[in-house]
Amino acid sequence: MSNDIIDVSMISNNTKKIKAAITAIGGYVPEDFISNKDLEKMVDTNDEWITARTGIKKRRILKEKGKATSYLAIKAANDLIKKKKLEPDTIDLVIVSTITPDFHGASTSPTVASQINASNAYAFDINAACSGFLYGMSTATSYIESGRYKKVLLIGADMMSSIVDYTDRSTSILFGDGAGAVLIEPSKNEFGWEDEFLRSDGVGADWLKIKAGGSLYPTSKETFEKKWHYITQDGKTVFKSAVSEMANATEQIIIRNKLDRNDIKYLLPHQANKRIIDATAEKINLDKNKVLMNIEEYGNTTAATIPLLMHDYESNFKKGDKIILAAFGAGLTWGAAYLTWAYN
Ligand code: COA
């Protein structure tokens, strides 16, 4: 063999692929809440309708003045740090997925990183609405798999109460505040992030958005009077798309990973509406007992729903469990992912 010919088999034998895994979880929801009964006094609705049409009973609300999304994110991060006994200065990167940053223009993650003493980290936000946690996982796991970083803290956090019009019964019944945090590190075993299927389509941007406050419609007297600073949606269209795209993305993941539905331990779907979740599970023919939910307690906390599910069900997960995540949100953005749980 001449000197300039490389034996490729030697390279592949010597290069062990780094797998990224979730190694710790934290979560936080505010104490205060708005119940369906409370909403009855605010808009023309009732507990029976909300429960039957959405599965939601309460949504947690951050009421204290001067506190915002960073507060929720810091609480979730500190919960993780305490449980994991993590030295914050060993964190390389802090990502906050949110559509309700403390400010426009300055991202929320640097505030979070400073407040949790992640003094050696850099930080950035991801805006992918209800798919923010999935998109964040894609980013975070890529940094770990490439070998560039060793500890990435991903937080899904949203203070939806700051953008909800509490005179609009189509949105005020759905959204709540909360945050969930995960630590992503190189896996110490064969388990971790396995696959992802992510998509977006700007054609549906109008179906779910906050119209004003961006560069197209800067905040003005007119936008304020038209209430364009609040979230609005075409509920029925969003509903149908969410079911079909979450089901399709999950199906893609099942097919290309040759997964047997019986072997899937849990589906962690974005918590938008119980009927969306039920219809998605039915469409992919997945046993309802495998589908995790906490929507009744929290409503839709946008980027926080999936990490909050992980937080609430963490004790159920066992090493090697095959878990599917699925989400759909404004943008439009959506996707599904497959991971094997890496710790007991
Ligand atoms: N309380 C009581 N009645 C209500 C109501 C409310 N909050 N909202 C609507 N209604 C009434 C309507 O006026 C309508 O009455 P009618 O039959 O007499 O005309 C009836 O209930 C059905 O309304 P509709 O808009 O068809 O309800 P729906 O079943 O589509 O539910 C949503 C509305 C918003 C709950 C549902 O469309 C949804 O969840 N969409 C997805 C939204 C979402 O998840 N967004 C975030 C995505 S990440």
# chains A, B, ... in the order shown; residues from 1 in each chain; ligands from 1
$ residues_around --residues "stretch 161-176 of chain A" --least-positions-apart "3" --cutoff "8 Å" --atoms "only C-alpha atoms" --output "VMD selection string"
chain A and resid 36 39 42 to 45 50 54 56 59 to 62 100 210 229 to 233 235 272 to 273 298 to 302
$ residues_around --residues "A:Gly335" --least-positions-apart "6" --cutoff "9 Å" --atoms "only C-alpha atoms" --output "list in words"
Ser131, Leu134, Tyr135, Glu196, Phe197, Leu198, Arg199, Ser200, Glu245, Met246, Asn248, Ala249, Thr250, Leu325, Ala326, Ala327 and Phe328 of chain A
$ write_last_selection --atoms "N, CA, C and O atoms" --output "short mmCIF file (atom, residue, chain, number, x, y, z; two decimals), in the first residue's frame"
data_model
loop_
_atom_site.label_atom_id
_atom_site.label_comp_id
_atom_site.auth_asym_id
_atom_site.auth_seq_id
_atom_site.Cartn_x
_atom_site.Cartn_y
_atom_site.Cartn_z
N SER A 131 -42.87 23.74 18.93
CA SER A 131 -41.85 22.75 18.54
C SER A 131 -40.49 23.15 19.10
O SER A 131 -39.47 22.51 18.79
N LEU A 134 -38.32 20.43 20.74
CA LEU A 134 -37.79 19.45 19.77
C LEU A 134 -36.65 20.05 18.95
O LEU A 134 -35.62 19.41 18.76
N TYR A 135 -36.85 21.26 18.45
CA TYR A 135 -35.80 21.92 17.67
C TYR A 135 -34.56 22.13 18.56
O TYR A 135 -33.43 21.99 18.11
N GLU A 196 -34.46 11.87 14.51
CA GLU A 196 -35.43 12.98 14.54
C GLU A 196 -35.96 13.23 13.13
O GLU A 196 -35.26 12.97 12.14
N PHE A 197 -37.17 13.74 13.07
CA PHE A 197 -37.80 14.09 11.78
C PHE A 197 -38.45 15.45 12.01
O PHE A 197 -39.46 15.56 12.71
N LEU A 198 -37.81 16.51 11.50
CA LEU A 198 -38.31 17.87 11.77
C LEU A 198 -38.68 18.56 10.46
O LEU A 198 -37.98 18.41 9.46
N ARG A 199 -39.74 19.31 10.49
CA ARG A 199 -40.18 20.01 9.29
C ARG A 199 -40.72 21.39 9.67
O ARG A 199 -41.05 21.65 10.83
N SER A 200 -40.86 22.28 8.65
CA SER A 200 -41.53 23.56 8.86
C SER A 200 -42.20 23.96 7.54
O SER A 200 -41.84 23.45 6.48
N GLU A 245 -49.82 16.23 10.93
CA GLU A 245 -48.35 16.33 10.86
C GLU A 245 -47.65 15.59 12.01
O GLU A 245 -46.60 14.98 11.80
N MET A 246 -48.23 15.64 13.21
CA MET A 246 -47.59 14.89 14.31
C MET A 246 -47.67 13.39 14.04
O MET A 246 -46.72 12.65 14.29
N ASN A 248 -47.91 11.94 11.05
CA ASN A 248 -47.02 11.61 9.94
C ASN A 248 -45.55 11.58 10.38
O ASN A 248 -44.81 10.65 10.04
N ALA A 249 -45.14 12.59 11.15
CA ALA A 249 -43.74 12.64 11.61
C ALA A 249 -43.42 11.41 12.47
O ALA A 249 -42.35 10.80 12.34
N THR A 250 -44.37 11.05 13.34
CA THR A 250 -44.15 9.89 14.21
C THR A 250 -44.06 8.61 13.38
O THR A 250 -43.21 7.74 13.62
N LEU A 325 -41.05 11.51 20.95
CA LEU A 325 -41.53 12.87 21.23
C LEU A 325 -42.20 13.39 19.94
O LEU A 325 -41.73 13.07 18.84
N ALA A 326 -43.26 14.16 20.08
CA ALA A 326 -43.90 14.72 18.88
C ALA A 326 -44.44 16.10 19.21
O ALA A 326 -44.98 16.32 20.30
N ALA A 327 -44.28 17.03 18.27
CA ALA A 327 -44.76 18.40 18.54
C ALA A 327 -45.21 19.08 17.26
O ALA A 327 -44.82 18.69 16.16
N PHE A 328 -46.02 20.11 17.46
CA PHE A 328 -46.52 20.92 16.34
C PHE A 328 -46.74 22.34 16.87
O PHE A 328 -47.25 22.51 17.98
#
$ residues_around --residues "A:Tyr217" --least-positions-apart "6" --cutoff "9 Å" --atoms "only C-alpha atoms" --output "list in words"
Lys211, Thr223 and Trp228 of chain A
$ write_last_selection --atoms "C-alpha atoms" --output "PDB file, in the first residue's frame"
ATOM      1  CA  LYS A 211     -49.206  39.772  14.511  1.00  0.00           C
ATOM      2  CA  THR A 223     -51.775  47.586  16.367  1.00  0.00           C
ATOM      3  CA  TRP A 228     -52.447  42.470  17.435  1.00  0.00           C
TER       4      TRP A 228
END
$ residues_around --residues "A:Ile18" --least-positions-apart "3" --cutoff "9 Å" --atoms "only C-alpha atoms" --output "JSON list (two decimals) with N, CA, C and O atoms, in the first residue's frame"
[["chain", "number", "residue", "atom", "x", "y", "z"],
["A", 144, "ILE", "N", -23.34, 17.93, 21.06],
["A", 144, "ILE", "CA", -22.73, 16.84, 21.83],
["A", 144, "ILE", "C", -22.15, 15.78, 20.90],
["A", 144, "ILE", "O", -21.00, 15.35, 21.05],
["A", 145, "GLU", "N", -22.94, 15.39, 19.89],
["A", 145, "GLU", "CA", -22.50, 14.34, 18.96],
["A", 145, "GLU", "C", -21.24, 14.74, 18.19],
["A", 145, "GLU", "O", -20.40, 13.91, 17.87],
["A", 146, "SER", "N", -21.12, 16.04, 17.91],
["A", 146, "SER", "CA", -19.95, 16.51, 17.16],
["A", 146, "SER", "C", -18.70, 16.52, 18.03],
["A", 146, "SER", "O", -17.60, 16.69, 17.53],
["A", 147, "GLY", "N", -18.89, 16.42, 19.34],
["A", 147, "GLY", "CA", -17.75, 16.45, 20.26],
["A", 147, "GLY", "C", -17.36, 17.86, 20.67],
["A", 147, "GLY", "O", -16.42, 18.07, 21.42],
["A", 186, "PRO", "N", -22.66, 13.64, 26.63],
["A", 186, "PRO", "CA", -22.30, 12.39, 25.93],
["A", 186, "PRO", "C", -22.81, 11.20, 26.76],
["A", 186, "PRO", "O", -22.60, 11.16, 27.98],
["A", 187, "SER", "N", -23.46, 10.25, 26.09],
["A", 187, "SER", "CA", -24.02, 9.11, 26.81],
["A", 187, "SER", "C", -22.91, 8.21, 27.34],
["A", 187, "SER", "O", -21.90, 8.01, 26.67]]
$ residues_around --residues "A:Asp79" --least-positions-apart "3" --cutoff "12 Å" --atoms "only C-alpha atoms" --output "ChimeraX atom specification"
/A:24-29,72-76,82-86,116,155,179-183,311
$ write_last_selection --atoms "C-alpha atoms" --output "mmCIF file, in the first residue's frame"
data_model
loop_
_atom_site.group_PDB
_atom_site.id
_atom_site.type_symbol
_atom_site.label_atom_id
_atom_site.label_comp_id
_atom_site.auth_asym_id
_atom_site.auth_seq_id
_atom_site.Cartn_x
_atom_site.Cartn_y
_atom_site.Cartn_z
ATOM 1 C CA ALA A 24 -31.073 15.175 34.178
ATOM 2 C CA ILE A 25 -34.402 16.999 34.261
ATOM 3 C CA GLY A 26 -35.861 19.963 36.092
ATOM 4 C CA GLY A 27 -39.207 21.692 35.982
ATOM 5 C CA TYR A 28 -41.201 24.585 37.340
ATOM 6 C CA VAL A 29 -44.769 25.864 37.187
ATOM 7 C CA LEU A 72 -39.590 30.321 35.023
ATOM 8 C CA ALA A 73 -36.486 29.120 33.152
ATOM 9 C CA ILE A 74 -34.154 29.864 36.080
ATOM 10 C CA LYS A 75 -36.435 27.975 38.476
ATOM 11 C CA ALA A 76 -36.500 24.921 36.181
ATOM 12 C CA LYS A 82 -29.879 20.839 42.583
ATOM 13 C CA LYS A 83 -31.105 17.332 41.738
ATOM 14 C CA LYS A 84 -28.071 16.514 39.579
ATOM 15 C CA LYS A 85 -25.622 18.254 41.980
ATOM 16 C CA LEU A 86 -24.292 19.945 38.863
ATOM 17 C CA ILE A 116 -27.701 30.196 37.420
ATOM 18 C CA ILE A 155 -34.785 24.917 28.737
ATOM 19 C CA ALA A 179 -40.663 25.720 32.153
ATOM 20 C CA GLY A 180 -38.810 22.437 31.829
ATOM 21 C CA ALA A 181 -35.055 21.898 31.652
ATOM 22 C CA VAL A 182 -32.883 19.010 30.448
ATOM 23 C CA LEU A 183 -29.144 18.449 30.592
ATOM 24 C CA HIS A 311 -40.192 16.129 34.640
#
$ select_by_dssp --residues "stretch 225-278 of chain A" --states "strand (DSSP E or B)" --output "ChimeraX atom specification"
/A:231-233,264-269
$ write_last_selection --atoms "C-alpha atoms" --output "mmCIF file, in the first residue's frame"
data_model
loop_
_atom_site.group_PDB
_atom_site.id
_atom_site.type_symbol
_atom_site.label_atom_id
_atom_site.label_comp_id
_atom_site.auth_asym_id
_atom_site.auth_seq_id
_atom_site.Cartn_x
_atom_site.Cartn_y
_atom_site.Cartn_z
ATOM 1 C CA ILE A 231 -51.783 35.467 20.131
ATOM 2 C CA THR A 232 -54.492 34.585 17.611
ATOM 3 C CA GLN A 233 -55.246 31.389 15.760
ATOM 4 C CA ILE A 264 -42.505 1.820 22.173
ATOM 5 C CA LYS A 265 -42.765 2.517 25.869
ATOM 6 C CA TYR A 266 -44.093 6.088 25.794
ATOM 7 C CA LEU A 267 -45.232 8.815 23.439
ATOM 8 C CA LEU A 268 -44.616 12.308 24.850
ATOM 9 C CA PRO A 269 -46.729 14.573 22.657
#
$ closest_residue --among "A:Asn46, A:Ser220, A:Thr51, A:Ser107" --to "A:Glu296" --atoms "only C-alpha atoms"
A:Thr51
$ closest_residue --among "A:Gly213, A:Gly329, A:Pro218, A:Pro110" --to "A:Tyr122" --atoms "only C-alpha atoms"
A:Pro110
$ closest_residue --among "A:Asn289, A:Thr237, A:Thr141, A:Gln252" --to "ligand 1" --atoms "only C-alpha atoms and all ligand atoms"
A:Thr237
$ closest_residue --among "A:Lys17, A:Lys41, A:Thr333, A:Asn262" --to "A:Asp201" --atoms "only C-alpha atoms"
A:Thr333
$ select_by_dssp --residues "stretch 171-342 of chain A" --states "alpha helix (DSSP H)" --output "ChimeraX atom specification"
/A:221-225,235-256,274-283,295-298,305-313
$ closest_residue --among "A:Asp278, A:Glu87, A:Pro30, A:Ile306" --to "A:Glu64" --atoms "only C-alpha atoms"
A:Pro30
$ decode --residues "stretch 196-215 of chain A" --atoms "N, CA and C atoms" --output "compact mmCIF listing (two decimals), in the first residue's frame"
# COMPACT_ATOMS: atom_id res chain seq x y z
N GLU A 196 -34.46 11.87 14.51
CA GLU A 196 -35.43 12.98 14.54
C GLU A 196 -35.96 13.23 13.13
N PHE A 197 -37.17 13.74 13.07
CA PHE A 197 -37.80 14.09 11.78
C PHE A 197 -38.45 15.45 12.01
N LEU A 198 -37.81 16.51 11.50
CA LEU A 198 -38.31 17.87 11.77
C LEU A 198 -38.68 18.56 10.46
N ARG A 199 -39.74 19.31 10.49
CA ARG A 199 -40.18 20.01 9.29
C ARG A 199 -40.72 21.39 9.67
N SER A 200 -40.86 22.28 8.65
CA SER A 200 -41.53 23.56 8.86
C SER A 200 -42.20 23.96 7.54
N ASP A 201 -43.18 24.86 7.63
CA ASP A 201 -43.87 25.34 6.43
C ASP A 201 -44.47 26.71 6.72
N GLY A 202 -43.82 27.74 6.14
CA GLY A 202 -44.25 29.12 6.37
C GLY A 202 -45.61 29.45 5.78
N VAL A 203 -46.11 28.58 4.92
CA VAL A 203 -47.42 28.84 4.31
C VAL A 203 -48.51 28.94 5.39
N GLY A 204 -48.29 28.25 6.50
CA GLY A 204 -49.30 28.27 7.57
C GLY A 204 -49.01 29.30 8.65
N ALA A 205 -48.10 30.25 8.38
CA ALA A 205 -47.72 31.22 9.42
C ALA A 205 -48.90 32.02 9.95
N ASP A 206 -49.86 32.28 9.08
CA ASP A 206 -51.01 33.09 9.47
C ASP A 206 -51.97 32.39 10.43
N TRP A 207 -51.89 31.08 10.51
CA TRP A 207 -52.88 30.34 11.30
C TRP A 207 -52.70 30.49 12.80
N LEU A 208 -51.49 30.87 13.20
CA LEU A 208 -51.20 30.92 14.63
C LEU A 208 -50.03 31.88 14.83
N LYS A 209 -50.33 33.06 15.38
CA LYS A 209 -49.22 34.03 15.50
C LYS A 209 -49.60 35.21 16.40
N ILE A 210 -48.56 36.00 16.73
CA ILE A 210 -48.76 37.30 17.35
C ILE A 210 -48.42 38.28 16.23
N LYS A 211 -49.41 39.02 15.75
CA LYS A 211 -49.21 39.77 14.51
C LYS A 211 -48.28 40.99 14.69
N ALA A 212 -48.41 41.68 15.79
CA ALA A 212 -47.66 42.94 15.95
C ALA A 212 -46.46 42.79 16.87
N GLY A 213 -45.58 43.77 16.79
CA GLY A 213 -44.41 43.80 17.67
C GLY A 213 -43.17 43.31 16.96
N GLY A 214 -43.35 42.77 15.75
CA GLY A 214 -42.21 42.37 14.93
C GLY A 214 -41.89 43.47 13.94
N SER A 215 -41.04 43.16 12.95
CA SER A 215 -40.62 44.20 12.01
C SER A 215 -41.68 44.49 10.94
